[in-house]
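Listing of final22.json, JSON, N, CA and C atoms
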[["chain", "number", "residue", "atom", "x", "y", "z"],
["A", 1, "MET", "N", -3.89, -13.87, 15.25],
["A", 1, "MET", "CA", -3.63, -12.65, 16.01],
["A", 1, "MET", "C", -4.93, -12.13, 16.59],
["A", 2, "LYS", "N", -4.82, -11.51, 17.70],
["A", 2, "LYS", "CA", -5.98, -10.88, 18.31],
["A", 2, "LYS", "C", -6.17, -9.49, 17.74],
["A", 3, "HIS", "N", -7.40, -9.00, 17.87],
["A", 3, "HIS", "CA", -7.71, -7.67, 17.33],
["A", 3, "HIS", "C", -6.77, -6.60, 17.87],
["A", 4, "ALA", "N", -6.41, -6.67, 19.15],
["A", 4, "ALA", "CA", -5.56, -5.65, 19.74],
["A", 4, "ALA", "C", -4.19, -5.60, 19.06],
["A", 5, "ALA", "N", -3.62, -6.76, 18.78],
["A", 5, "ALA", "CA", -2.31, -6.81, 18.13],
["A", 5, "ALA", "C", -2.39, -6.29, 16.69],
["A", 6, "ILE", "N", -3.42, -6.70, 15.99],
["A", 6, "ILE", "CA", -3.59, -6.25, 14.60],
["A", 6, "ILE", "C", -3.84, -4.75, 14.57],
["A", 7, "ALA", "N", -4.69, -4.27, 15.48],
["A", 7, "ALA", "CA", -4.99, -2.83, 15.54],
["A", 7, "ALA", "C", -3.72, -2.02, 15.76],
["A", 8, "THR", "N", -2.87, -2.49, 16.64],
["A", 8, "THR", "CA", -1.61, -1.80, 16.91],
["A", 8, "THR", "C", -0.75, -1.74, 15.66],
["A", 9, "CYS", "N", -0.70, -2.83, 14.92],
["A", 9, "CYS", "CA", 0.10, -2.87, 13.69],
["A", 9, "CYS", "C", -0.36, -1.86, 12.65],
["A", 10, "VAL", "N", -1.66, -1.63, 12.57],
["A", 10, "VAL", "CA", -2.18, -0.71, 11.55],
["A", 10, "VAL", "C", -2.47, 0.68, 12.11],
["A", 11, "GLY", "N", -2.11, 0.92, 13.37],
["A", 11, "GLY", "CA", -2.25, 2.25, 13.94],
["A", 11, "GLY", "C", -3.64, 2.62, 14.40],
["A", 12, "LEU", "N", -4.43, 1.64, 14.78],
["A", 12, "LEU", "CA", -5.79, 1.88, 15.27],
["A", 12, "LEU", "C", -5.91, 1.40, 16.71],
["A", 13, "ILE", "N", -7.01, 1.76, 17.34],
["A", 13, "ILE", "CA", -7.34, 1.16, 18.62],
["A", 13, "ILE", "C", -8.22, -0.05, 18.33],
["A", 14, "PRO", "N", -8.24, -1.03, 19.21],
["A", 14, "PRO", "CA", -9.02, -2.25, 18.94],
["A", 14, "PRO", "C", -10.48, -1.99, 18.57],
["A", 15, "MET", "N", -11.13, -1.02, 19.20],
["A", 15, "MET", "CA", -12.52, -0.72, 18.88],
["A", 15, "MET", "C", -12.69, -0.32, 17.41],
["A", 16, "ASP", "N", -11.74, 0.45, 16.88],
["A", 16, "ASP", "CA", -11.81, 0.86, 15.47],
["A", 16, "ASP", "C", -11.71, -0.35, 14.55],
["A", 17, "LEU", "N", -10.81, -1.26, 14.87],
["A", 17, "LEU", "CA", -10.65, -2.45, 14.05],
["A", 17, "LEU", "C", -11.88, -3.35, 14.15],
["A", 18, "GLU", "N", -12.42, -3.52, 15.34],
["A", 18, "GLU", "CA", -13.63, -4.33, 15.50],
["A", 18, "GLU", "C", -14.79, -3.74, 14.71],
["A", 19, "SER", "N", -14.90, -2.41, 14.70],
["A", 19, "SER", "CA", -15.95, -1.76, 13.91],
["A", 19, "SER", "C", -15.74, -2.01, 12.42],
["A", 20, "LEU", "N", -14.49, -1.94, 11.97],
["A", 20, "LEU", "CA", -14.18, -2.19, 10.57],
["A", 20, "LEU", "C", -14.59, -3.61, 10.17],
["A", 21, "VAL", "N", -14.29, -4.58, 11.01],
["A", 21, "VAL", "CA", -14.65, -5.97, 10.72],
["A", 21, "VAL", "C", -16.17, -6.13, 10.64],
["A", 22, "LYS", "N", -16.89, -5.30, 11.38],
["A", 22, "LYS", "CA", -18.36, -5.34, 11.34],
["A", 22, "LYS", "C", -18.93, -4.51, 10.19],
["A", 23, "GLY", "N", -18.05, -3.84, 9.43],
["A", 23, "GLY", "CA", -18.51, -3.07, 8.28],
["A", 23, "GLY", "C", -18.76, -1.60, 8.54],
["A", 24, "LYS", "N", -18.31, -1.10, 9.67],
["A", 24, "LYS", "CA", -18.49, 0.31, 10.02],
["A", 24, "LYS", "C", -17.14, 1.00, 10.11],
["A", 25, "ALA", "N", -17.08, 2.22, 9.63],
["A", 25, "ALA", "CA", -15.85, 3.00, 9.70],
["A", 25, "ALA", "C", -15.98, 4.06, 10.78],
["A", 26, "THR", "N", -15.15, 3.97, 11.81],
["A", 26, "THR", "CA", -15.13, 4.99, 12.85],
["A", 26, "THR", "C", -14.46, 6.24, 12.31],
["A", 27, "THR", "N", -14.53, 7.32, 13.05],
["A", 27, "THR", "CA", -14.00, 8.59, 12.55],
["A", 27, "THR", "C", -12.50, 8.59, 12.35],
["A", 28, "SER", "N", -11.75, 7.84, 13.14],
["A", 28, "SER", "CA", -10.29, 7.87, 12.99],
["A", 28, "SER", "C", -9.83, 7.10, 11.75],
["A", 29, "LEU", "N", -10.55, 6.10, 11.35],
["A", 29, "LEU", "CA", -10.16, 5.28, 10.20],
["A", 29, "LEU", "C", -10.13, 6.08, 8.89],
["A", 30, "PRO", "N", -11.20, 6.76, 8.54],
["A", 30, "PRO", "CA", -11.17, 7.53, 7.28],
["A", 30, "PRO", "C", -10.13, 8.64, 7.27],
["A", 31, "SER", "N", -9.89, 9.24, 8.43],
["A", 31, "SER", "CA", -8.90, 10.32, 8.47],
["A", 31, "SER", "C", -7.50, 9.78, 8.18],
["A", 32, "LYS", "N", -7.24, 8.54, 8.54],
["A", 32, "LYS", "CA", -5.94, 7.94, 8.24],
["A", 32, "LYS", "C", -5.79, 7.63, 6.76],
["A", 33, "LEU", "N", -6.90, 7.42, 6.08],
["A", 33, "LEU", "CA", -6.86, 7.05, 4.65],
["A", 33, "LEU", "C", -7.19, 8.21, 3.72],
["A", 34, "GLY", "N", -7.71, 9.29, 4.26],
["A", 34, "GLY", "CA", -8.06, 10.42, 3.42],
["A", 34, "GLY", "C", -9.34, 10.24, 2.62],
["A", 35, "VAL", "N", -10.25, 9.45, 3.16],
["A", 35, "VAL", "CA", -11.55, 9.22, 2.53],
["A", 35, "VAL", "C", -12.64, 9.42, 3.58],
["A", 36, "THR", "N", -13.88, 9.30, 3.17],
["A", 36, "THR", "CA", -14.98, 9.45, 4.12],
["A", 36, "THR", "C", -15.38, 8.09, 4.70],
["A", 37, "PRO", "N", -16.10, 8.10, 5.83],
["A", 37, "PRO", "CA", -16.58, 6.83, 6.37],
["A", 37, "PRO", "C", -17.44, 6.06, 5.36],
["A", 38, "SER", "N", -18.29, 6.77, 4.63],
["A", 38, "SER", "CA", -19.15, 6.08, 3.66],
["A", 38, "SER", "C", -18.34, 5.50, 2.51],
["A", 39, "ASP", "N", -17.21, 6.12, 2.14],
["A", 39, "ASP", "CA", -16.33, 5.55, 1.11],
["A", 39, "ASP", "C", -15.86, 4.16, 1.53],
["A", 40, "ILE", "N", -15.44, 4.04, 2.77],
["A", 40, "ILE", "CA", -14.94, 2.76, 3.28],
["A", 40, "ILE", "C", -16.07, 1.75, 3.39],
["A", 41, "GLU", "N", -17.18, 2.16, 3.98],
["A", 41, "GLU", "CA", -18.31, 1.25, 4.17],
["A", 41, "GLU", "C", -18.87, 0.77, 2.84],
["A", 42, "ASP", "N", -18.98, 1.67, 1.87],
["A", 42, "ASP", "CA", -19.47, 1.27, 0.54],
["A", 42, "ASP", "C", -18.52, 0.25, -0.10],
["A", 43, "PHE", "N", -17.22, 0.49, 0.00],
["A", 43, "PHE", "CA", -16.24, -0.42, -0.58],
["A", 43, "PHE", "C", -16.35, -1.80, 0.06],
["A", 44, "ILE", "N", -16.45, -1.85, 1.37],
["A", 44, "ILE", "CA", -16.58, -3.13, 2.07],
["A", 44, "ILE", "C", -17.84, -3.87, 1.64],
["A", 45, "ASN", "N", -18.88, -3.11, 1.31],
["A", 45, "ASN", "CA", -20.15, -3.71, 0.92],
["A", 45, "ASN", "C", -20.30, -3.92, -0.59],
["A", 46, "GLY", "N", -19.20, -3.77, -1.34],
["A", 46, "GLY", "CA", -19.22, -4.15, -2.74],
["A", 46, "GLY", "C", -19.42, -3.05, -3.76],
["A", 47, "SER", "N", -19.35, -1.80, -3.35],
["A", 47, "SER", "CA", -19.40, -0.71, -4.33],
["A", 47, "SER", "C", -18.34, 0.30, -3.95],
["A", 48, "ALA", "N", -17.99, 1.16, -4.85],
["A", 48, "ALA", "CA", -16.91, 2.10, -4.57],
["A", 48, "ALA", "C", -17.25, 3.49, -5.10],
["A", 49, "THR", "N", -16.79, 4.47, -4.38],
["A", 49, "THR", "CA", -16.96, 5.86, -4.76],
["A", 49, "THR", "C", -15.70, 6.34, -5.49],
["A", 50, "TYR", "N", -15.79, 7.52, -6.04],
["A", 50, "TYR", "CA", -14.62, 8.11, -6.69],
["A", 50, "TYR", "C", -13.49, 8.28, -5.67],
["A", 51, "GLY", "N", -13.82, 8.72, -4.45],
["A", 51, "GLY", "CA", -12.80, 8.93, -3.42],
["A", 51, "GLY", "C", -12.04, 7.65, -3.09],
["A", 52, "MET", "N", -12.75, 6.56, -2.98],
["A", 52, "MET", "CA", -12.08, 5.30, -2.66],
["A", 52, "MET", "C", -11.29, 4.79, -3.84],
["A", 53, "SER", "N", -11.82, 4.96, -5.05],
["A", 53, "SER", "CA", -11.06, 4.51, -6.22],
["A", 53, "SER", "C", -9.77, 5.32, -6.37],
["A", 54, "LYS", "N", -9.84, 6.60, -6.07],
["A", 54, "LYS", "CA", -8.65, 7.44, -6.12],
["A", 54, "LYS", "C", -7.63, 6.98, -5.07],
["A", 55, "ARG", "N", -8.11, 6.67, -3.87],
["A", 55, "ARG", "CA", -7.21, 6.21, -2.80],
["A", 55, "ARG", "C", -6.56, 4.88, -3.15],
["A", 56, "LEU", "N", -7.30, 4.04, -3.86],
["A", 56, "LEU", "CA", -6.76, 2.75, -4.28],
["A", 56, "LEU", "C", -5.82, 2.87, -5.47],
["A", 57, "GLY", "N", -5.81, 4.03, -6.10],
["A", 57, "GLY", "CA", -4.95, 4.23, -7.27],
["A", 57, "GLY", "C", -5.54, 3.66, -8.55],
["A", 58, "LEU", "N", -6.86, 3.52, -8.56],
["A", 58, "LEU", "CA", -7.55, 2.98, -9.74],
["A", 58, "LEU", "C", -8.16, 4.12, -10.53],
["A", 59, "GLY", "N", -8.34, 3.91, -11.81],
["A", 59, "GLY", "CA", -8.78, 4.97, -12.70],
["A", 59, "GLY", "C", -10.25, 5.32, -12.63],
["A", 60, "SER", "N", -11.06, 4.42, -12.09],
["A", 60, "SER", "CA", -12.49, 4.71, -12.07],
["A", 60, "SER", "C", -13.16, 4.02, -10.90],
["A", 61, "ALA", "N", -14.31, 4.54, -10.54],
["A", 61, "ALA", "CA", -15.10, 3.93, -9.47],
["A", 61, "ALA", "C", -15.57, 2.54, -9.88],
["A", 62, "SER", "N", -15.82, 2.34, -11.18],
["A", 62, "SER", "CA", -16.27, 1.02, -11.62],
["A", 62, "SER", "C", -15.16, -0.03, -11.43],
["A", 63, "ALA", "N", -13.91, 0.36, -11.64],
["A", 63, "ALA", "CA", -12.80, -0.57, -11.42],
["A", 63, "ALA", "C", -12.69, -0.92, -9.94],
["A", 64, "ALA", "N", -12.86, 0.06, -9.07],
["A", 64, "ALA", "CA", -12.80, -0.19, -7.63],
["A", 64, "ALA", "C", -13.99, -1.03, -7.17],
["A", 65, "THR", "N", -15.15, -0.81, -7.77],
["A", 65, "THR", "CA", -16.33, -1.61, -7.45],
["A", 65, "THR", "C", -16.09, -3.06, -7.86],
["A", 66, "GLU", "N", -15.52, -3.26, -9.03],
["A", 66, "GLU", "CA", -15.23, -4.62, -9.48],
["A", 66, "GLU", "C", -14.24, -5.30, -8.53],
["A", 67, "LEU", "N", -13.23, -4.57, -8.09],
["A", 67, "LEU", "CA", -12.28, -5.11, -7.12],
["A", 67, "LEU", "C", -12.99, -5.52, -5.84],
["A", 68, "ALA", "N", -13.86, -4.66, -5.33],
["A", 68, "ALA", "CA", -14.59, -4.96, -4.10],
["A", 68, "ALA", "C", -15.47, -6.19, -4.26],
["A", 69, "LYS", "N", -16.10, -6.31, -5.41],
["A", 69, "LYS", "CA", -16.98, -7.46, -5.65],
["A", 69, "LYS", "C", -16.19, -8.76, -5.78],
["A", 70, "VAL", "N", -15.08, -8.71, -6.50],
["A", 70, "VAL", "CA", -14.27, -9.91, -6.70],
["A", 70, "VAL", "C", -13.66, -10.38, -5.37],
["A", 71, "CYS", "N", -13.21, -9.44, -4.57],
["A", 71, "CYS", "CA", -12.58, -9.78, -3.29],
["A", 71, "CYS", "C", -13.58, -10.21, -2.23],
["A", 72, "GLY", "N", -14.80, -9.73, -2.34],
["A", 72, "GLY", "CA", -15.78, -10.01, -1.31],
["A", 72, "GLY", "C", -15.55, -9.13, -0.09],
["A", 73, "ARG", "N", -16.45, -9.24, 0.85],
["A", 73, "ARG", "CA", -16.41, -8.40, 2.04],
["A", 73, "ARG", "C", -15.10, -8.56, 2.82],
["A", 74, "GLU", "N", -14.70, -9.78, 3.08],
["A", 74, "GLU", "CA", -13.48, -10.01, 3.86],
["A", 74, "GLU", "C", -12.23, -9.53, 3.11],
["A", 75, "GLY", "N", -12.21, -9.74, 1.81],
["A", 75, "GLY", "CA", -11.09, -9.25, 1.02],
["A", 75, "GLY", "C", -11.02, -7.73, 0.99],
["A", 76, "ALA", "N", -12.17, -7.09, 0.90],
["A", 76, "ALA", "CA", -12.21, -5.62, 0.90],
["A", 76, "ALA", "C", -11.72, -5.07, 2.24],
["A", 77, "ILE", "N", -12.09, -5.73, 3.33],
["A", 77, "ILE", "CA", -11.58, -5.33, 4.65],
["A", 77, "ILE", "C", -10.07, -5.49, 4.68],
["A", 78, "GLY", "N", -9.57, -6.57, 4.10],
["A", 78, "GLY", "CA", -8.13, -6.79, 4.03],
["A", 78, "GLY", "C", -7.42, -5.71, 3.22],
["A", 79, "ILE", "N", -8.05, -5.28, 2.15],
["A", 79, "ILE", "CA", -7.47, -4.20, 1.34],
["A", 79, "ILE", "C", -7.40, -2.91, 2.14],
["A", 80, "VAL", "N", -8.46, -2.59, 2.87],
["A", 80, "VAL", "CA", -8.45, -1.39, 3.71],
["A", 80, "VAL", "C", -7.35, -1.49, 4.75],
["A", 81, "MET", "N", -7.20, -2.65, 5.36],
["A", 81, "MET", "CA", -6.14, -2.83, 6.35],
["A", 81, "MET", "C", -4.76, -2.70, 5.71],
["A", 82, "GLY", "N", -4.61, -3.20, 4.49],
["A", 82, "GLY", "CA", -3.35, -3.04, 3.77],
["A", 82, "GLY", "C", -3.02, -1.58, 3.51],
["A", 83, "LEU", "N", -4.05, -0.80, 3.18],
["A", 83, "LEU", "CA", -3.84, 0.64, 2.99],
["A", 83, "LEU", "C", -3.38, 1.30, 4.28],
["A", 84, "LEU", "N", -3.88, 0.80, 5.41],
["A", 84, "LEU", "CA", -3.45, 1.33, 6.71],
["A", 84, "LEU", "C", -1.99, 0.95, 7.01],
["A", 85, "LEU", "N", -1.59, -0.24, 6.61],
["A", 85, "LEU", "CA", -0.21, -0.68, 6.84],
["A", 85, "LEU", "C", 0.78, 0.10, 5.99],
["A", 86, "PHE", "N", 0.37, 0.45, 4.79],
["A", 86, "PHE", "CA", 1.24, 1.17, 3.86],
["A", 86, "PHE", "C", 0.53, 2.44, 3.40],
["A", 87, "PRO", "N", 0.39, 3.42, 4.29],
["A", 87, "PRO", "CA", -0.46, 4.59, 4.03],
["A", 87, "PRO", "C", -0.06, 5.46, 2.84],
["A", 88, "GLY", "N", 1.18, 5.47, 2.44],
["A", 88, "GLY", "CA", 1.59, 6.32, 1.35],
["A", 88, "GLY", "C", 1.42, 5.69, -0.02],
["A", 89, "ASN", "N", 0.97, 4.46, -0.06],
["A", 89, "ASN", "CA", 0.94, 3.74, -1.32],
["A", 89, "ASN", "C", -0.49, 3.42, -1.74],
["A", 90, "ALA", "N", -0.75, 3.48, -3.00],
["A", 90, "ALA", "CA", -1.99, 2.94, -3.57],
["A", 90, "ALA", "C", -1.71, 1.48, -3.87],
["A", 91, "LEU", "N", -2.74, 0.74, -4.22],
["A", 91, "LEU", "CA", -2.55, -0.68, -4.50],
["A", 91, "LEU", "C", -1.89, -0.91, -5.81]]
The structure in this file should be written as structure tokens.
Amino acid sequence: MKHAAIATCVGLIPMDLESLVKGKATTSLPSKLGVTPSDIEDFINGSATYGMSKRLGLGSASAATELAKVCGREGAIGIVMGLLLFPGNAL
């Protein structure tokens, strides 16, 4: 799939999705998830904040950090995209 099609599926514009793939969170992305841009960027880069762990439905930031590390960068991006597809649900 092209970025435009994927972006449409998750409710973003292509530029937002391209930024996410590069490890940056634009302003519209965090507002859709209820977290800060740094929460998303930290998670993609292998660490997690309390805000991101709460959004993921995990009990602690250390559990979310472990998830981010085990999944790797691409997996963490996939998790963020999954949260966008199913906005009312934690993992």
Could you tell me, as a list in words, which residues have any atom at most 5 Å from (-15.0, -1.1, -4.1), counting all atoms listed in the file?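 Those residues, ordered by chain and then number, are Phe43, Gly46, Ser47, Ala48, Ala64, Thr65 and Ala68 of chain A.
Distance-wise, CA of Glu74 (chain A) and CA of Ser53 (chain A) end up 17.8 Å apart.
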Hey, can you check how far atom N of Leu58 (chain A) sits from atom N of Ser38 (chain A)?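 Taking atom N of Leu58 (chain A) as the start and atom N of Ser38 (chain A) as the end point, the length is 17.8 Å.
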Considering only alpha helix (DSSP H) as DSSP defines it on the backbone, what residues of chain A qualify? List them as a ChimeraX atom specification. /A:3-10,14-21,28-33,37-44,50-56,61-85
Within 7 Å of Lys24 (chain A), counting only N, CA and C atoms, which residues qualify if same-chain residues fewer than 5 places away don't, as a ChimeraX atom specification? /A:18-19,37,40-41
Return the single residue from A:Lys22, A:Leu83, A:Ile77, A:Gly72 that is closest to Arg55 (chain A), with distances computed using all atoms listed in the file. A:Leu83
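In this comparison, which uses only C-alpha atoms, the residue of A:Ile6, A:Ile13, A:Ile44, A:Ala63 approaching Leu29 (chain A) most closely is A:Ile13.
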Have a look at atom C of Leu17 (chain A) and CA of Ala5 (chain A) and let me know their distance in Å, one decimal. 10.9 Å
From the list A:Asp39, A:Met81, A:His3, A:Lys69, which residue is nearest Met15 (chain A) when using all atoms listed in the file? A:His3
Select, counting all atoms listed in the file, all protein, DNA and RNA residues no farther than 6.5 Å from (-9.1, 11.7, -0.8) in file coordinates, and express the selection as a list in words. Leu33, Gly34, Val35, Gly51 and Arg55 of chain A
Box in all listed atoms of region 2-10 of chain A, axis-aligned, with 6 Å more on each side; write out centre and edge lengths in Å to one decimal as JSON.
{"center_x": -3.8, "center_y": -5.4, "center_z": 15.6, "size_x": 19.8, "size_y": 24.2, "size_z": 20.2}
